[in-house]
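Q: Have a look at this one before I ask anything.
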Amino acid sequence: MFETIVKKLEYAVWDFGIPIGDEMIPILAIALLGTGVFLTLRLGFLQIRRLGHGFAVTSGKYDDPAEPGDVPHFQALTTALSATVGIGNIAGVAIAIHLGGPGALFWMWVTAGLGMVLKYSEVTLAQHFRQVEVPDKDHPHAWDGSVSGGPMYYIEYGLARRFKRMWVPFKAMAVFFACALTCTSFLTGNGIQANTVADTMAEFGIPDFATGLATTTIIGLVILGGIKRIGAVTSVLAPVMAAVYILGALTILGLNYDQVVPTFALIFREAFEPTAGIAGTGVGAMMVTMMWGIRRGLFSNEAGQGSAPIAHAAAKTDEPVSEGAVALLEPFIDTLMICTMTGLVIIITGVWSARVPTEVRLDGDDLSWVVWTEPGAWEKDEEPEQIEVRDGVAVPGGTQLGWHEVAVERFFVDEELRVPFSGSIDPATKTAVASDGTEYDGLWGEAVENGAPLTKMAFERGLAGLGGWGGMIVVLSVVLFAVSTAISWSYYGDRCTNYLFGRRAILPYKLLFLVAHFLGSVLGLKTIWTLGDIALGMATFPNLIAVLLLSGLVAKLTRSYFQRRPWIENLAAHQRWKQEHRRK
């Protein structure tokens, strides 16, 4: 019943749409891309014209320590990047290509390009309507922070209090957003991260509980110090982890330089005329490719979701547009750089469609039941009563046993794939019974990979000359990305908790966040990716509505900022501060 509810929610959020011809255009895709196109036109392609200014502000040369806020521009960006640069860049890209084909990467680029102006708009609004609080003398704790901002504040202060006749529905929308994002912080920003790290470290024989205990302790030591400690940690962690990962990917691309241009050609061709993919993509099923690219693109760069504005609202500035310009860099770095590296490595090395010897655990989370459909794709099916296998091959024509949504073509009882299995597979008991009566709880076969293991396999192949170091780059990146993401998402959740219940609820939230992180590492969370996607989509709708309704204010603030050029005054203030600091 739980899985049925999850599937219906997933359909309502991600798949329900408007029929155009023979295809269904999802409402969320229309809302996300449509808002991005509208803002791009209204702001005159600002994501291209002002990207350089975003880099200049981020460099710190315009920072004025006397301005209100908790952290400098750079730390606000790295805190937000630590949340966005995460498992989505490693596992999410692999999932998009696995289920949507190489063309899904193109739609991730489209999402990122439009996402840049979306990030700019929502961060500018978050800065404009943020609340700078006076510390409570009776409750002075570092984890509180002095600034609260985000979509819940610009929905309430920007819409509910301006349009008093609509106060109740807008206030309800702000509360709904805060609740949805709090749920997202436990799932997308926490449970998924913990679960992926535990799965990765299990390959080295480390028990899940040990991994969970270690990451929970590290995260706890950071988040209990509040946004200032979070900013200090992420300002070091984010650049290091991105540099290590990008350097490894660039090395692989350099070794296969002759394949780079053909790979880009394949991506563009498959985006509009997809061929039969390894899983999920049928011939000409462009909407499948598009939706997986958009879904994983949104998960990766979080544009339009409304989470990153919460981190950017803490930046030290009295000019909202300056932090909006900094936010332009997020989708650029996250998707156009890091996700592209991942996608190119996966496609160039050929692992996205490769089958490798795999132990197919009959009680495993990656097991599924699939049926072959025309014009060329596997679709999930109901669990069969039994599957008959003769000389390793399942009886054709019916439901097949799949691994990562793709049927396993032949089963063996040994790891060397020498002894074919004959007998029956019983889904109810999760066992395979051979003709001689021997029972197995798992079989072997050549299966496809997905998620972080697929990316790991791509780096291992691409850097085969370095032994196992290619895979270790991914392992290290998974750990760093996941820990940094959880750290930043804890701040998003605690700002939402502060909005909903007040300052005294922040510490209980953080403790519950740590408990959820540990549970995420030790429990088998088969549907956690789906639940994360649902919460992500539900938080997106109210934020997009608010950004659209307040787009006129964004345009007004933008014109004012670039006409006044206040960064020149800030540059002088920053130079004076540096001189005084040197004298001291």
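Letters A, B, ... go to the chains of the structure tokens in the order shown; residues in each chain start at 1; ligands are counted from 1 in the same order.
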As a list in words, please: the residues near range 61-68 of chain A (cut-off 7 Å, only C-alpha atoms, same-chain neighbours under 3 positions excluded).

A: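 These residues fall inside the cut-off: Val57, Pro72, Lys316, Thr317, Asp318, Trp567, Asn570, Leu571, Ala573 and His574 of chain A.
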
Q: Restrict the calculation to only C-alpha atoms, then for each residue of range 270-370 of chain A with any atom at most 10 Å from an atom of range 527-550 of chain A give the closest atom pair and their distance in Å to one decimal, rows by chain and rising residue number, as JSON lines.

A:
{"residue": "A:Arg295", "atom": "CA", "partner": "A:Asp533", "partner_atom": "CA", "distance": 7.9}
{"residue": "A:Arg296", "atom": "CA", "partner": "A:Asp533", "partner_atom": "CA", "distance": 9.0}
{"residue": "A:Leu298", "atom": "CA", "partner": "A:Leu536", "partner_atom": "CA", "distance": 8.5}
{"residue": "A:Phe299", "atom": "CA", "partner": "A:Asp533", "partner_atom": "CA", "distance": 7.4}
{"residue": "A:Glu302", "atom": "CA", "partner": "A:Leu536", "partner_atom": "CA", "distance": 8.5}
{"residue": "A:Ala303", "atom": "CA", "partner": "A:Thr540", "partner_atom": "CA", "distance": 8.9}
{"residue": "A:Gly304", "atom": "CA", "partner": "A:Thr540", "partner_atom": "CA", "distance": 5.9}
{"residue": "A:Gln305", "atom": "CA", "partner": "A:Thr540", "partner_atom": "CA", "distance": 4.3}
{"residue": "A:Gly306", "atom": "CA", "partner": "A:Asn543", "partner_atom": "CA", "distance": 6.0}
{"residue": "A:Ser307", "atom": "CA", "partner": "A:Ala539", "partner_atom": "CA", "distance": 8.9}
{"residue": "A:Asp365", "atom": "CA", "partner": "A:Thr527", "partner_atom": "CA", "distance": 9.1}

Q: Please list as a PyMOL selection string every residue within 12 Å of Thr215 in chain A, counting only C-alpha atoms and excluding residues in the same chain fewer than 3 positions away.

A: chain A and resi 190-191+193-198+201+208-212+218-222+479-487+514-522

Q: Could you pull the residues within 7 Å of Asp334 in chain A, counting only C-alpha atoms, minus those fewer than 3 positions along the same chain, as a PyMOL selection string?

A: chain A and resi 84-85+301+330-331+337-339

Q: What parts of range 388-480 of chain A does DSSP call alpha helix (DSSP H)? I'd like the answer as a compact mmCIF listing (two decimals) with N, CA and C atoms, in the first residue's frame.

A:
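That gives us part17.txt:
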# COMPACT_ATOMS: atom_id res chain seq x y z
N GLY A 451 23.65 4.46 -10.85
CA GLY A 451 23.99 5.28 -9.71
C GLY A 451 25.48 5.46 -9.52
N ALA A 452 25.89 5.66 -8.26
CA ALA A 452 27.29 5.90 -7.94
C ALA A 452 28.21 4.76 -8.40
N PRO A 453 27.80 3.47 -8.26
CA PRO A 453 28.67 2.40 -8.76
C PRO A 453 28.96 2.49 -10.25
N LEU A 454 28.00 3.02 -11.04
CA LEU A 454 28.22 3.17 -12.48
C LEU A 454 29.29 4.23 -12.73
N THR A 455 29.21 5.34 -12.02
CA THR A 455 30.23 6.38 -12.16
C THR A 455 31.59 5.87 -11.70
N LYS A 456 31.60 5.10 -10.62
CA LYS A 456 32.84 4.52 -10.11
C LYS A 456 33.48 3.61 -11.17
N MET A 457 32.65 2.80 -11.82
CA MET A 457 33.16 1.90 -12.85
C MET A 457 33.71 2.70 -14.03
N ALA A 458 33.09 3.83 -14.36
CA ALA A 458 33.58 4.68 -15.46
C ALA A 458 34.96 5.24 -15.14
N PHE A 459 35.15 5.71 -13.91
CA PHE A 459 36.46 6.24 -13.53
C PHE A 459 37.51 5.13 -13.46
N GLU A 460 37.12 3.93 -13.03
CA GLU A 460 38.06 2.82 -13.00
C GLU A 460 38.53 2.46 -14.41
N ARG A 461 37.60 2.42 -15.36
CA ARG A 461 37.97 2.12 -16.75
C ARG A 461 38.79 3.25 -17.35
N GLY A 462 38.37 4.48 -17.08
CA GLY A 462 39.05 5.62 -17.67
C GLY A 462 40.46 5.81 -17.15
N TRP A 469 42.91 3.54 -8.42
CA TRP A 469 42.78 4.93 -7.99
C TRP A 469 41.64 5.66 -8.68
N GLY A 470 41.27 5.22 -9.87
CA GLY A 470 40.15 5.86 -10.54
C GLY A 470 38.87 5.71 -9.74
N GLY A 471 38.63 4.49 -9.26
CA GLY A 471 37.45 4.25 -8.43
C GLY A 471 37.54 4.96 -7.09
N MET A 472 38.76 5.08 -6.55
CA MET A 472 38.94 5.72 -5.26
C MET A 472 38.60 7.22 -5.32
N ILE A 473 38.80 7.84 -6.50
CA ILE A 473 38.40 9.23 -6.65
C ILE A 473 36.90 9.38 -6.44
N VAL A 474 36.13 8.45 -7.01
CA VAL A 474 34.68 8.50 -6.86
C VAL A 474 34.29 8.19 -5.42
N VAL A 475 34.94 7.20 -4.81
CA VAL A 475 34.64 6.86 -3.42
C VAL A 475 34.87 8.07 -2.52
N LEU A 476 36.03 8.71 -2.69
CA LEU A 476 36.34 9.89 -1.89
C LEU A 476 35.34 11.01 -2.16
N SER A 477 34.99 11.19 -3.43
CA SER A 477 34.04 12.25 -3.78
C SER A 477 32.66 11.97 -3.20
N VAL A 478 32.23 10.70 -3.25
CA VAL A 478 30.93 10.34 -2.68
C VAL A 478 30.87 10.72 -1.20
N VAL A 479 31.93 10.37 -0.48
CA VAL A 479 31.95 10.66 0.95
C VAL A 479 31.95 12.17 1.20
N LEU A 480 32.83 12.90 0.51
CA LEU A 480 32.92 14.34 0.72
C LEU A 480 31.65 15.05 0.27

Q: Just to confirm, what's the straight-line distance from CA of Gly149 in chain A to CA of Ala112 in chain A in Å (one decimal)?

A: 23.3 Å

Q: I need the residues in range 270-488 of chain A that are strand (DSSP E or B) according to DSSP; give them as a count of residues only.

A: 50

Q: Counting only C-alpha atoms, what is within 8 Å of His404 in chain A, bar same-chain residues fewer than 5 positions away, as a PDB file with C-alpha atoms, in the first residue's frame?

A:
ATOM      1  CA  ASP A 366      18.219  -3.128  -6.917  1.00  0.00           C
ATOM      2  CA  LEU A 367      16.082  -6.098  -7.969  1.00  0.00           C
ATOM      3  CA  SER A 368      12.957  -5.438 -10.033  1.00  0.00           C
ATOM      4  CA  VAL A 448      24.033  -3.296 -15.852  1.00  0.00           C
ATOM      5  CA  GLU A 449      25.109  -0.881 -13.141  1.00  0.00           C
ATOM      6  CA  ASN A 450      23.488   2.374 -12.092  1.00  0.00           C
TER       7      ASN A 450
END

Q: Residues within 8 Å of range 36-51 of chain A, please, as a VMD selection string. Count only C-alpha atoms; anything in the same chain fewer than 6 positions from it doesn't count.

A: chain A and resid 113 to 118 325 328 to 329 551 555

Q: Store the residues picked out above in a file with C-alpha atoms, as a short mmCIF file (atom, residue, chain, number, x, y, z; two decimals), in the first residue's frame.

A:
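Saved as out36.cif:
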data_model
loop_
_atom_site.label_atom_id
_atom_site.label_comp_id
_atom_site.auth_asym_id
_atom_site.auth_seq_id
_atom_site.Cartn_x
_atom_site.Cartn_y
_atom_site.Cartn_z
CA GLY A 113 21.04 27.44 -18.20
CA LEU A 114 17.52 28.43 -17.23
CA GLY A 115 18.29 27.55 -13.63
CA MET A 116 20.96 30.26 -13.45
CA VAL A 117 18.41 33.05 -13.87
CA LEU A 118 16.02 31.22 -11.55
CA ALA A 325 24.83 37.61 -9.02
CA LEU A 328 24.48 32.62 -10.94
CA LEU A 329 27.62 30.56 -10.38
CA SER A 551 9.46 39.04 -10.97
CA ALA A 555 13.62 43.47 -12.50
#
